[in-house]
Structures are given as C-alpha cells and as structure tokens.
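Engineer: So that you have it, the file is input_20.cif, and it contains mmCIF, C-alpha atoms and all ligand atoms:
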```
data_structure
#
loop_
_atom_site.label_atom_id
_atom_site.label_comp_id
_atom_site.auth_asym_id
_atom_site.auth_seq_id
_atom_site.Cartn_x
_atom_site.Cartn_y
_atom_site.Cartn_z
CA MET T 951 6.93 39.73 -15.86
CA THR T 952 3.74 37.81 -16.58
CA TYR T 953 2.32 37.63 -20.05
CA SER T 954 -1.27 37.52 -21.28
CA ALA T 955 -1.26 39.85 -24.30
CA PRO T 956 0.54 38.88 -27.53
CA ILE T 957 4.28 38.65 -27.10
CA ASP T 958 5.95 40.84 -29.69
CA LEU T 959 9.11 39.42 -31.23
CA ARG T 960 8.72 41.22 -34.56
CA SER T 961 11.70 43.44 -33.86
CA ASP T 962 13.88 44.95 -31.15
CA THR T 963 12.51 48.31 -32.36
CA VAL T 964 9.29 47.64 -30.40
CA THR T 965 11.13 48.28 -27.14
CA LYS T 966 9.65 51.15 -25.16
CA PRO T 967 11.46 53.69 -23.00
CA ASP T 968 11.23 52.56 -19.39
CA ASP T 969 10.74 54.75 -16.33
CA ARG T 970 14.43 55.49 -15.90
CA MET T 971 14.79 56.53 -19.51
CA ARG T 972 11.64 58.67 -19.36
CA ALA T 973 12.91 60.36 -16.20
CA ALA T 974 16.19 61.19 -17.94
CA MET T 975 14.26 62.58 -20.90
CA ALA T 976 12.09 64.72 -18.64
CA ALA T 977 15.10 66.11 -16.82
CA ALA T 978 17.23 66.77 -19.93
CA GLU T 979 18.94 70.12 -20.26
CA VAL T 980 18.06 71.42 -23.72
CA GLY T 981 18.84 74.15 -26.23
CA ASP T 982 18.20 74.83 -29.91
CA ASP T 983 20.35 72.27 -31.68
CA VAL T 984 19.86 73.86 -35.10
CA LEU T 985 20.84 77.35 -33.91
CA ASP T 986 23.81 76.66 -31.68
CA ARG T 987 23.67 73.06 -30.44
CA ASP T 988 21.72 71.44 -27.65
CA PRO T 989 23.91 70.52 -24.65
CA THR T 990 22.47 67.04 -24.18
CA MET T 991 22.78 66.34 -27.92
CA ARG T 992 26.39 67.43 -27.70
CA ALA T 993 27.00 65.12 -24.75
CA LEU T 994 25.42 62.17 -26.55
CA GLU T 995 27.35 62.82 -29.75
CA GLU T 996 30.64 62.96 -27.85
CA ARG T 997 29.86 59.80 -25.90
CA ALA T 998 28.76 57.94 -29.05
CA ALA T 999 31.87 58.99 -30.99
CA ASP T 1000 34.00 57.74 -28.14
CA ARG T 1001 32.17 54.41 -27.92
CA LEU T 1002 32.46 53.90 -31.67
CA GLY T 1003 36.12 54.92 -31.77
CA MET T 1004 35.47 57.75 -34.23
CA ALA T 1005 36.51 61.40 -33.99
CA ALA T 1006 32.97 62.80 -34.04
CA ALA T 1007 29.32 61.78 -34.27
CA LEU T 1008 25.98 63.26 -35.21
CA TRP T 1009 22.58 62.29 -33.83
CA VAL T 1010 20.08 61.47 -36.58
CA PRO T 1011 16.38 60.61 -36.28
CA SER T 1012 16.74 57.16 -37.87
CA GLY T 1013 19.24 54.64 -39.11
CA THR T 1014 17.95 55.07 -42.62
CA MET T 1015 18.73 58.78 -42.48
CA GLY T 1016 22.19 58.02 -41.09
CA ASN T 1017 22.91 55.67 -43.98
CA ILE T 1018 21.61 57.99 -46.68
CA ILE T 1019 23.57 60.97 -45.32
CA ALA T 1020 26.74 58.89 -45.39
CA LEU T 1021 26.10 57.69 -48.92
CA MET T 1022 25.27 61.21 -50.12
CA ILE T 1023 28.64 62.35 -48.82
CA HIS T 1024 30.66 59.39 -50.07
CA LEU T 1025 29.10 58.96 -53.53
CA ARG T 1026 29.07 61.17 -56.57
CA ARG T 1027 26.34 60.69 -59.15
CA GLY T 1028 27.10 57.67 -61.26
CA ASP T 1029 29.44 56.08 -58.71
CA ARG T 1030 28.93 52.45 -57.96
CA PHE T 1031 28.83 51.02 -54.45
CA LEU T 1032 29.15 47.46 -53.18
CA ALA T 1033 27.14 45.80 -50.43
CA ALA T 1034 26.52 42.27 -49.20
CA LYS T 1035 23.53 40.28 -50.43
CA ASP T 1036 20.28 41.44 -48.79
CA ALA T 1037 22.02 44.39 -47.08
CA HIS T 1038 19.62 46.84 -45.47
CA VAL T 1039 20.87 49.65 -47.76
CA LEU T 1040 19.92 47.51 -50.76
CA GLN T 1041 16.64 46.00 -49.62
CA ASN T 1042 14.99 48.15 -46.99
CA GLU T 1043 15.67 51.79 -47.77
CA LEU T 1044 13.41 52.27 -50.80
CA GLY T 1045 16.29 52.61 -53.22
CA ALA T 1046 17.34 55.92 -51.63
CA PRO T 1047 21.05 55.17 -52.14
CA ALA T 1048 20.33 55.22 -55.89
CA TRP T 1049 17.83 58.04 -56.16
CA LEU T 1050 19.08 60.39 -53.43
CA ALA T 1051 22.79 59.59 -53.34
CA GLY T 1052 22.98 58.76 -57.06
CA GLY T 1053 24.90 55.53 -56.51
CA MET T 1054 24.58 52.41 -58.58
CA PRO T 1055 24.20 49.45 -56.23
CA THR T 1056 25.96 46.15 -56.70
CA GLU T 1057 25.07 43.21 -54.52
CA LEU T 1058 27.92 40.87 -53.59
CA PRO T 1059 27.52 37.20 -52.65
CA CYS T 1060 28.42 36.02 -49.16
CA GLU T 1061 30.75 33.05 -49.57
CA LEU T 1062 32.10 33.01 -46.04
CA GLY T 1063 28.70 32.48 -44.43
CA PRO T 1064 25.49 34.46 -43.97
CA GLY T 1065 26.23 38.18 -44.29
CA ARG T 1066 29.96 37.60 -44.81
CA MET T 1067 31.62 38.61 -48.08
CA SER T 1068 35.15 37.53 -48.91
CA PRO T 1069 37.85 40.14 -49.59
CA GLU T 1070 38.50 38.41 -52.95
CA THR T 1071 34.93 39.11 -54.01
CA VAL T 1072 35.29 42.75 -53.03
CA ARG T 1073 38.58 43.02 -54.88
CA ALA T 1074 37.11 41.50 -58.04
CA ALA T 1075 34.01 43.72 -57.90
CA ALA T 1076 36.03 46.89 -57.29
CA GLY T 1077 37.90 46.25 -60.52
CA THR T 1078 40.51 48.65 -61.82
CA ALA T 1079 40.21 52.05 -63.46
CA GLY T 1080 39.01 51.60 -67.04
CA PRO T 1081 38.31 54.07 -69.86
CA TYR T 1082 36.48 57.28 -69.03
CA TYR T 1083 33.06 55.75 -69.69
CA SER T 1084 33.52 52.87 -67.27
CA LEU T 1085 31.77 52.69 -63.93
CA ARG T 1086 33.69 54.12 -61.05
CA THR T 1087 33.33 51.97 -57.96
CA SER T 1088 33.98 54.14 -54.93
CA LEU T 1089 32.38 52.70 -51.80
CA LEU T 1090 32.05 49.48 -49.86
CA CYS T 1091 29.07 49.23 -47.47
CA LEU T 1092 29.47 46.76 -44.64
CA GLU T 1093 26.72 45.63 -42.26
CA ASN T 1094 27.44 44.25 -38.78
CA THR T 1095 25.43 42.51 -37.51
CA HIS T 1096 23.79 41.55 -40.78
CA ASN T 1097 20.05 41.78 -40.25
CA ALA T 1098 18.63 39.67 -43.09
CA ALA T 1099 21.31 37.04 -42.52
CA GLY T 1100 19.83 36.49 -39.06
CA GLY T 1101 21.88 38.89 -36.96
CA ALA T 1102 25.10 37.37 -38.29
CA VAL T 1103 28.34 38.75 -36.88
CA VAL T 1104 31.32 39.75 -39.00
CA PRO T 1105 34.39 38.90 -36.89
CA ILE T 1106 37.17 41.48 -36.39
CA GLU T 1107 39.74 39.78 -38.63
CA GLU T 1108 37.23 39.63 -41.46
CA HIS T 1109 36.28 43.27 -41.01
CA THR T 1110 39.98 44.16 -41.03
CA ARG T 1111 40.63 42.27 -44.25
CA LEU T 1112 37.59 43.80 -45.96
CA VAL T 1113 38.68 47.30 -44.99
CA ALA T 1114 42.25 46.62 -46.15
CA THR T 1115 40.92 45.35 -49.48
CA ALA T 1116 38.73 48.41 -49.85
CA ARG T 1117 41.70 50.67 -49.18
CA ALA T 1118 43.91 48.79 -51.62
CA THR T 1119 41.29 49.16 -54.35
CA GLY T 1120 40.55 52.82 -53.65
CA LEU T 1121 37.15 52.34 -52.00
CA ARG T 1122 35.82 54.21 -49.03
CA VAL T 1123 34.01 52.22 -46.34
CA HIS T 1124 30.65 52.91 -44.73
CA LEU T 1125 29.63 50.58 -41.94
CA ASP T 1126 25.92 50.08 -41.35
CA GLY T 1127 26.32 49.19 -37.71
CA ALA T 1128 22.66 49.46 -36.79
CA ARG T 1129 23.32 46.57 -34.38
CA ILE T 1130 27.09 47.01 -33.95
CA TRP T 1131 26.38 46.86 -30.20
CA ASN T 1132 25.09 43.30 -30.56
CA ALA T 1133 28.13 42.31 -32.61
CA ALA T 1134 30.44 43.76 -29.96
CA VAL T 1135 28.67 41.94 -27.14
CA ALA T 1136 28.66 38.65 -29.07
CA LEU T 1137 32.39 38.94 -29.75
CA GLU T 1138 33.13 40.35 -26.29
CA VAL T 1139 35.04 43.31 -27.73
CA PRO T 1140 34.40 47.07 -27.47
CA PRO T 1141 32.28 48.43 -30.36
CA ALA T 1142 35.27 50.56 -31.42
CA ALA T 1143 37.16 47.37 -32.28
CA LEU T 1144 34.64 46.69 -35.04
CA THR T 1145 34.79 50.09 -36.73
CA VAL T 1146 38.53 50.30 -37.36
CA GLY T 1147 39.29 51.75 -40.77
CA ALA T 1148 35.70 52.70 -41.61
CA ASP T 1149 35.15 56.22 -42.93
CA SER T 1150 31.70 56.35 -41.38
CA VAL T 1151 29.48 54.23 -39.17
CA GLN T 1152 25.78 54.37 -38.44
CA SER T 1153 24.46 52.82 -35.23
CA CYS T 1154 20.91 52.64 -33.89
CA LEU T 1155 19.92 53.66 -30.37
CA SER T 1156 16.27 52.79 -30.99
CA LYS T 1157 16.59 49.02 -31.33
CA GLY T 1158 17.77 46.69 -28.61
CA LEU T 1159 19.06 49.56 -26.50
CA GLY T 1160 15.52 50.80 -26.05
CA ALA T 1161 15.60 54.50 -26.99
CA PRO T 1162 12.34 55.64 -28.62
CA VAL T 1163 14.07 57.49 -31.46
CA GLY T 1164 17.53 57.97 -32.86
CA SER T 1165 20.73 56.74 -34.39
CA VAL T 1166 24.22 58.15 -34.51
CA LEU T 1167 26.36 58.69 -37.58
CA ALA T 1168 30.07 58.86 -36.78
CA GLY T 1169 33.22 59.68 -38.73
CA SER T 1170 35.97 62.27 -38.94
CA ALA T 1171 35.30 65.82 -37.72
CA GLU T 1172 35.10 67.03 -41.36
CA PHE T 1173 32.73 64.21 -42.28
CA VAL T 1174 30.41 65.03 -39.38
CA GLU T 1175 30.50 68.74 -40.21
CA GLU T 1176 29.30 67.92 -43.70
CA ALA T 1177 26.82 65.36 -42.34
CA ARG T 1178 25.28 68.10 -40.19
CA ARG T 1179 24.62 70.12 -43.35
CA VAL T 1180 23.13 67.17 -45.21
CA ARG T 1181 20.95 66.25 -42.21
CA LYS T 1182 19.50 69.74 -42.27
CA MET T 1183 18.97 69.49 -46.03
CA LEU T 1184 16.91 66.33 -45.48
CA GLY T 1185 14.82 67.98 -42.78
CA GLY T 1186 16.53 66.09 -39.97
CA GLY T 1187 17.67 69.06 -37.90
CA VAL T 1188 15.71 69.05 -34.65
CA ARG T 1189 15.49 71.83 -32.11
CA GLN T 1190 15.34 70.75 -28.43
CA GLY T 1191 16.64 67.32 -29.37
CA GLY T 1192 18.16 66.90 -25.92
CA VAL T 1193 14.94 65.22 -24.82
CA LEU T 1194 15.72 62.46 -27.32
CA ALA T 1195 19.47 62.51 -26.78
CA ALA T 1196 18.90 61.92 -23.06
CA ALA T 1197 17.24 58.62 -23.99
CA GLY T 1198 20.26 57.85 -26.17
CA LEU T 1199 22.65 58.45 -23.27
CA VAL T 1200 20.74 55.95 -21.13
CA ALA T 1201 20.66 53.55 -24.09
CA LEU T 1202 24.46 53.64 -24.43
CA GLU T 1203 24.79 52.50 -20.82
CA ARG T 1204 22.81 49.38 -21.64
CA VAL T 1205 24.99 47.81 -24.30
CA GLY T 1206 26.19 45.05 -21.93
CA GLU T 1207 22.60 44.03 -21.23
CA LEU T 1208 22.21 42.84 -24.83
CA ALA T 1209 23.89 39.62 -23.68
CA GLU T 1210 20.55 38.68 -22.10
CA ASP T 1211 18.77 39.11 -25.43
CA HIS T 1212 21.34 36.83 -27.02
CA ALA T 1213 20.88 34.21 -24.32
CA ASN T 1214 17.11 34.44 -24.81
CA ALA T 1215 17.50 33.95 -28.57
CA ARG T 1216 19.50 30.77 -27.90
CA LEU T 1217 16.86 29.59 -25.43
CA LEU T 1218 14.19 30.15 -28.07
CA ALA T 1219 16.25 28.36 -30.73
CA ASP T 1220 16.84 25.33 -28.50
CA GLY T 1221 13.18 25.16 -27.53
CA LEU T 1222 11.99 25.40 -31.12
CA ALA T 1223 14.50 22.78 -32.26
CA GLU T 1224 13.11 20.44 -29.58
CA GLN T 1225 9.66 21.01 -31.06
CA GLY T 1226 10.96 20.02 -34.50
CA TRP T 1227 11.61 23.44 -35.99
CA LEU T 1228 14.44 23.98 -38.42
CA VAL T 1229 16.35 26.84 -36.80
CA GLN T 1230 19.69 28.47 -37.36
CA ARG T 1231 21.74 28.86 -34.22
CA PRO T 1232 21.48 32.58 -33.40
CA GLN T 1233 24.71 34.51 -32.98
CA THR T 1234 22.95 37.54 -31.53
CA ASN T 1235 19.29 38.47 -30.96
CA ILE T 1236 17.81 37.48 -34.34
CA LEU T 1237 16.57 33.97 -34.99
CA LEU T 1238 15.55 32.70 -38.42
CA ALA T 1239 13.40 29.59 -38.66
CA GLY T 1240 12.61 27.73 -41.87
CA VAL T 1241 9.01 26.54 -42.08
CA PRO T 1242 7.12 24.66 -44.81
CA ASP T 1243 4.45 27.33 -45.16
CA LEU T 1244 5.54 30.81 -44.11
CA ASP T 1245 2.16 32.55 -44.25
CA LEU T 1246 0.42 29.77 -42.39
CA ALA T 1247 3.13 29.64 -39.76
CA LEU T 1248 2.96 33.40 -39.14
CA GLN T 1249 -0.82 33.26 -38.98
CA ARG T 1250 -0.79 30.42 -36.46
CA LEU T 1251 1.90 32.13 -34.42
CA ALA T 1252 -0.25 35.26 -34.23
CA GLY T 1253 -3.21 33.06 -33.28
CA ALA T 1254 -1.12 31.63 -30.47
CA GLY T 1255 -0.19 35.11 -29.27
CA VAL T 1256 3.35 35.29 -30.65
CA LEU T 1257 4.23 38.01 -33.15
CA ALA T 1258 7.05 37.48 -35.66
CA THR T 1259 7.86 38.70 -39.17
CA PRO T 1260 8.82 37.11 -42.48
CA MET T 1261 12.46 37.65 -43.45
CA ALA T 1262 14.34 36.11 -46.37
CA GLY T 1263 11.62 33.44 -46.75
CA GLN T 1264 11.80 32.40 -43.12
CA VAL T 1265 10.18 33.34 -39.83
CA ARG T 1266 12.22 35.98 -38.03
CA PHE T 1267 12.04 36.25 -34.24
CA VAL T 1268 13.93 39.09 -32.54
CA THR T 1269 14.58 38.97 -28.82
CA HIS T 1270 14.78 42.22 -26.89
CA ARG T 1271 14.77 43.83 -23.45
CA ASP T 1272 10.97 44.06 -23.21
CA VAL T 1273 10.54 40.27 -23.27
CA ASP T 1274 12.55 38.55 -20.54
CA ARG T 1275 13.48 34.89 -20.08
CA ALA T 1276 10.08 34.05 -18.61
CA GLY T 1277 8.52 35.63 -21.70
CA ILE T 1278 10.52 33.35 -23.97
CA VAL T 1279 9.49 30.32 -21.93
CA GLU T 1280 5.89 31.48 -22.39
CA VAL T 1281 6.47 31.90 -26.16
CA LEU T 1282 7.66 28.29 -26.37
CA ARG T 1283 4.67 27.12 -24.34
CA ARG T 1284 2.26 28.93 -26.65
CA ILE T 1285 3.91 27.58 -29.80
CA GLU T 1286 3.80 24.04 -28.45
CA LYS T 1287 0.16 24.38 -27.40
CA GLU T 1288 -0.88 25.72 -30.80
CA ASP T 1289 1.30 23.12 -32.55
CA VAL T 1290 2.17 25.73 -35.16
CA LEU T 1291 3.80 23.28 -37.59
CA ARG T 1292 0.95 20.72 -37.60
CA ASN T 1293 0.00 19.29 -41.00
CA GLN T 1294 2.73 21.25 -42.73
CA THR T 1295 4.39 18.61 -44.80
CA ALA T 1296 6.47 20.47 -47.37
CA ALA T 1297 10.27 20.31 -47.21
CA ARG T 1298 11.39 20.68 -43.62
C1 LIG D 1301 17.03 49.00 -38.67
C2 LIG D 1301 18.17 49.06 -39.60
C3 LIG D 1301 18.47 50.24 -40.30
C4 LIG D 1301 17.56 51.44 -40.31
O1 LIG D 1301 17.21 51.97 -39.10
P1 LIG D 1301 15.82 52.79 -38.94
O2 LIG D 1301 16.06 53.53 -37.68
O3 LIG D 1301 14.76 51.76 -38.88
O4 LIG D 1301 15.69 53.69 -40.11
C5 LIG D 1301 19.59 50.25 -41.09
N1 LIG D 1301 20.38 49.17 -41.20
C6 LIG D 1301 20.13 48.03 -40.56
C7 LIG D 1301 21.06 46.89 -40.71
C8 LIG D 1301 19.00 47.92 -39.74
O5 LIG D 1301 18.76 46.77 -39.11
#
```
For this file, write the structure as structure tokens.
Structural biologist:
Amino acid sequence: MTYSAPIDLRSDTVTKPDDRMRAAMAAAEVGDDVLDRDPTMRALEERAADRLGMAAALWVPSGTMGNIIALMIHLRRGDRFLAAKDAHVLQNELGAPAWLAGGMPTELPCELGPGRMSPETVRAAAGTAGPYYSLRTSLLCLENTHNAAGGAVVPIEEHTRLVATARATGLRVHLDGARIWNAAVALEVPPAALTVGADSVQSCLSKGLGAPVGSVLAGSAEFVEEARRVRKMLGGGVRQGGVLAAAGLVALERVGELAEDHANARLLADGLAEQGWLVQRPQTNILLAGVPDLDLALQRLAGAGVLATPMAGQVRFVTHRDVDRAGIVEVLRRIEKEDVLRNQTAAR
C-alpha cells in the first residue's frame, strides 16, 4: 500500500470490508431472522459459540447492545455490579447499565497492572449478605483486552482466579470480550480458553476483524434464548441479517491475522520511543503515549496526516488491518517530519 491521505489510527473500528468480505456478503443465503431465523445468521452464531467455548451465541448489531442485553438479564433493579476502573461498561455506554439494566455500578481499582483487578479486591467489594436494606452485589464484569488500559491482556490464570472468586462470593460473570480475539492471539491460546466460567461473553466482529457491523453475545442455551427476546425488545432484531452475518463468518477466519496488528503496534511504539515519546509497550493493538500537551499533540498529529484519539489523558493509537507495516513506517516518518513534540516542555 502507498499512503498519501491521512492515516487513520483512531480505532480498529475504521476497518472496511474488503472485496472478499463484500463478495461473501453479496452471496449470502438469507431468510427472515425475526420470523424463523436466517440460515447465515444461524451458521455464524454456531461458529461464534464454538470459537468462544459457549453453548450458544446471538448476533447483535453492536458490542454496546451485547453488553446491555447481558446486564439486563443478569441484574435485577437495585443490584450492584463490579467492573474494573475505566471499563467500557462504566465509561463508554452512556450509563445504560444503570438506567436500562437498573444496576448500581462500582468501579474497582486495578492493583495488578493496567486493567487487572485482584481477586482480593473483588472479594472485598462483593461483601457478604447484610440486612434486607443492604446492597446486593450480583455481577462481576470483566474486560479482556481492557481498552482504556491500552489493550491490556488479562492472563488465563488471573481470569480463572477472578471467576473462582466471583463464584465463591455468589456473583455471576459477564465478560466484555470486545477484543477477546486480540487477547487470545497475544497469549497464543484459543479464545475459548479465556471465557472459562463466564456466564456470558460479548465479542466484536466489527473491530480488528474487519466486519462492517456486528458483535456476538454468547452464553448458555437458556441465556441466549432470553437474550434473543431482549434484543428484540431493544429493536435489535434484524430481518435478512445473513448479509451481515456473512461478513462475520469471514471475520472469524481472520483472528490469526491480528498478530500483524500487534507487531505493527510494537513497531510504532519502538519508533516513537526513538523519537523521544513516552510510550507504554503495547500488549496488543492499542498503544498509549503520554504527551505534555494532549490537545496540541493531537492537533499536530492531524496536521501531519496521522489520526489518533485521546484516551485516559494520553494519545491512543490503534493498529489494524487497513494500515500495514509500510503504513506504520509512513506514520513514523510523518511524526518525525512534523516534530510533533517540539516545544512541549511539561512533564515528559
Ligand atoms: C468497542 C467496545 C465495546 C462496544 O462495541 P460497539 O460495537 O462500539 O458498541 C464494548 N466494550 C469494549 C471493551 C469495547 O472496546
């Protein structure tokens, strides 16, 4: 690829369906999924359930809808749920877990590293049953990879201990696995190894895997049956969804290719560090960089033809399949040429 236009590293959601994916969409066998299921939807849901190691799965239009459906099923009004600091369900879903699912959110600190809560913290927050007027904590929300923590990976043993703690304290577990595929590739394990013990998991097809639309919400057969009802309630039942599911089927074949995005994120991190940037070493495809003046840095980046976003007070770059290695080399060239950090003297 050669690059002249701005290079877009704002998110892996900017990825566009390529020719192969569009051909699969055009050729998809379809039916009315609301009436009696669409065959391509069914195929995708079975494949996704299998990949995630869950009994069943449901296609949903977005990750946000997948999360809210899960929380609406798991929570009763007035229940309290726990999630890691800066979790997507706490920060980026407009408070829907509180106002639609009726759950009271509690943010837990991450003592084990970015995005990683300790089981002891979960145990302490879950508490024990008190008098009738006490809060009932009923759900633990996990996020892997953790977006705002810079695509941080929760390793298997930690996931296992968190789930065991949740069980021991009577909590259900919902896993926001929007980028579970990236976590699996980084750890070189199948995605199913990272969902063990979860009651539900939401995973995006529309991010690094390149589908234009869609997530899957997986769980037990009974959970998914109920999720299908709630999806309809929220207006998320689609008719000939097979056109979209066909893109999802192609996306699922591409999980292994995420390794290239991760390598590109490391290349970007190394290049920026050489230019004097303060960067965290990326574990997956998200790179956070601390800069003295965030607004100025983003403005100069845009001026140089590199698009990024602010996240947790830092610059967030996300590598993805639509910008290859040569594109990252070009990004580094542009940043060097523009000297984005010039005359920024605050704490570096
Ligand atoms: C993107 C994302 C979501 C929501 O997905 P949408 O399809 O954008 O609604 C949920 N959780 C995490 C961790 C995400 O990164």
Engineer: Nearest residue to T:Arg1122 out of T:Glu1286, T:Asp1029, T:Asp1274, T:Asp1000, using all atoms listed in the file?
Structural biologist: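 Selected residue with least distance to T:Arg1122: T:Asp1029.
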Engineer: Which polymer residues have any atom within 7 Å of an atom of stretch 1052-1054 of chain T, counting only C-alpha atoms, with same-chain residues fewer than 4 positions away left out, as a ChimeraX atom specification?
Structural biologist: /T:1025-1031,1047-1048
Engineer: Between T:Gln1249, T:Gln1233, T:Ser1170, T:Asn1132, which is the closest to ligand LIG 1301 (chain D) once you count all atoms listed in the file?
Structural biologist: T:Asn1132
Engineer: Taking 3 positions as the minimum chain separation for residues in the same chain, which residues sit within 10 Å of T:Arg1178 when counting only C-alpha atoms? Answer as a list in words.
Structural biologist: Val984, Ala1007, Leu1008, Trp1009, Val1010, Ile1019, Leu1167, Glu1172, Phe1173, Val1174, Glu1175, Arg1181, Lys1182, Met1183, Gly1186 and Gly1187 of chain T
Engineer: Select, counting only C-alpha atoms, all protein, DNA and RNA residues no farther than 12 Å from (14.6, 31.5, -25.3) in file coordinates, and express the selection as a VMD selection string.
Structural biologist: chain T and resid 959 1210 to 1224 1231 to 1232 1235 to 1237 1267 to 1270 1273 to 1283
Engineer: Quick one: residues within 9 Å of stretch 1254-1266 of chain T, all atoms listed in the file, excluding same-chain residues fewer than 5 positions away - as an MDAnalysis selection string?
Structural biologist: chainID T and resid 954:961 1036 1098:1100 1236:1241 1244:1245 1247:1249 1281 1284:1285 1287:1288 1290
Engineer: Could you list, as a PyMOL selection string, all residues that come within 9 Å of ligand LIG 1301 (chain D)? Count all atoms listed in the file.
Structural biologist: chain T and resi 963+1010-1017+1037-1039+1042-1043+1093-1098+1101+1126-1129+1152-1157+1163-1165
Engineer: Just the number, please: distance in Å from atom CA of T:Leu1228 to atom CA of T:Leu1251, one decimal.
Structural biologist: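 One can read the atom CA of T:Leu1228 to atom CA of T:Leu1251 distance as 15.5 Å.
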Engineer: Counting all atoms listed in the file, figure out which residue out of T:Gly1169, T:Pro1055, T:Gly1253, T:Gly1080 gets nearest to T:Glu996.
Structural biologist: T:Gly1169
Engineer: Out of T:Thr990, T:Ser1150, T:Thr1087, T:Thr1145, which residue has the shortest atom-to-atom distance to T:Leu1121 when counting only C-alpha atoms?
Structural biologist: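 Ranking T:Thr990, T:Ser1150, T:Thr1087, T:Thr1145 by distance to T:Leu1121, first place goes to T:Thr1087.
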Engineer: For a cut-off of 7 Å around (29.2, 41.1, -34.1), file coordinates, pick out all residues using only C-alpha atoms and list them as a list of chain:residue names.
Structural biologist: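 With a cut-off of 7 Å, the residues come to T:Asn1094, T:Thr1095, T:Ala1102, T:Val1103, T:Val1104, T:Pro1105, T:Ile1130, T:Asn1132, T:Ala1133, T:Ala1134, T:Ala1136, T:Leu1137.
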Engineer: Those residues you just picked out, can you put them in a file as a CSV table (one decimal), in the coordinates of the input with C-alpha atoms?
Structural biologist:
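Output (again.csv):
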```
chain,number,residue,atom,x,y,z
T,1094,ASN,CA,27.4,44.2,-38.8
T,1095,THR,CA,25.4,42.5,-37.5
T,1102,ALA,CA,25.1,37.4,-38.3
T,1103,VAL,CA,28.3,38.8,-36.9
T,1104,VAL,CA,31.3,39.8,-39.0
T,1105,PRO,CA,34.4,38.9,-36.9
T,1130,ILE,CA,27.1,47.0,-34.0
T,1132,ASN,CA,25.1,43.3,-30.6
T,1133,ALA,CA,28.1,42.3,-32.6
T,1134,ALA,CA,30.4,43.8,-30.0
T,1136,ALA,CA,28.7,38.6,-29.1
T,1137,LEU,CA,32.4,38.9,-29.8
```
Engineer: What gap, in Å, lies between atom CA of T:Gly1003 and atom CA of T:Ala976?
Structural biologist: 29.1 Å
Engineer: Using only C-alpha atoms, which of T:Ala1034, T:Ala1051, T:Ala1114, T:Val980 sits nearest T:Pro1064?
Structural biologist: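 Going through T:Ala1034, T:Ala1051, T:Ala1114, T:Val980 one by one, the smallest distance to T:Pro1064 is for T:Ala1034.
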Engineer: For stretch 1152-1165 of chain T, what centre and edge lengths in Å (one decimal) does the axis-aligned box get once 4 Å is added on each side of all its listed atoms, as AutoDock Vina command-line options?
Structural biologist:
```
--center_x 19.1 --center_y 52.3 --center_z -32.2 --size_x 21.4 --size_y 19.3 --size_z 20.4
```
Engineer: Mind giving me the straight-line distance from atom CA of T:Leu1112 to atom CA of T:Pro1069 in Å, one decimal?
Structural biologist: 5.2 Å
Engineer: For a quick check of understanding, using only C-alpha atoms, which of T:Pro1242, T:Gly1226, T:Gly1198, T:Gly1192 has the smallest distance to T:Ala998?
Structural biologist: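 Nearest candidate to T:Ala998 out of T:Pro1242, T:Gly1226, T:Gly1198, T:Gly1192: T:Gly1198.
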Engineer: Stretch 1202-1205 of chain T: which residues within 10 Å, counting only C-alpha atoms, same-chain residues fewer than 5 positions away excluded, as a PyMOL selection string?
Structural biologist: chain T and resi 994+997-998+1001+1130-1132+1134-1135+1140-1141+1155+1158-1161+1197+1271
Engineer: Store the residues picked out above in a file with C-alpha atoms, as a CSV table (one decimal), in the frame of the given file.
Structural biologist:
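The result, written out as result23.csv:
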```
chain,number,residue,atom,x,y,z
T,994,LEU,CA,25.4,62.2,-26.6
T,997,ARG,CA,29.9,59.8,-25.9
T,998,ALA,CA,28.8,57.9,-29.0
T,1001,ARG,CA,32.2,54.4,-27.9
T,1130,ILE,CA,27.1,47.0,-34.0
T,1131,TRP,CA,26.4,46.9,-30.2
T,1132,ASN,CA,25.1,43.3,-30.6
T,1134,ALA,CA,30.4,43.8,-30.0
T,1135,VAL,CA,28.7,41.9,-27.1
T,1140,PRO,CA,34.4,47.1,-27.5
T,1141,PRO,CA,32.3,48.4,-30.4
T,1155,LEU,CA,19.9,53.7,-30.4
T,1158,GLY,CA,17.8,46.7,-28.6
T,1159,LEU,CA,19.1,49.6,-26.5
T,1160,GLY,CA,15.5,50.8,-26.0
T,1161,ALA,CA,15.6,54.5,-27.0
T,1197,ALA,CA,17.2,58.6,-24.0
T,1271,ARG,CA,14.8,43.8,-23.4
```
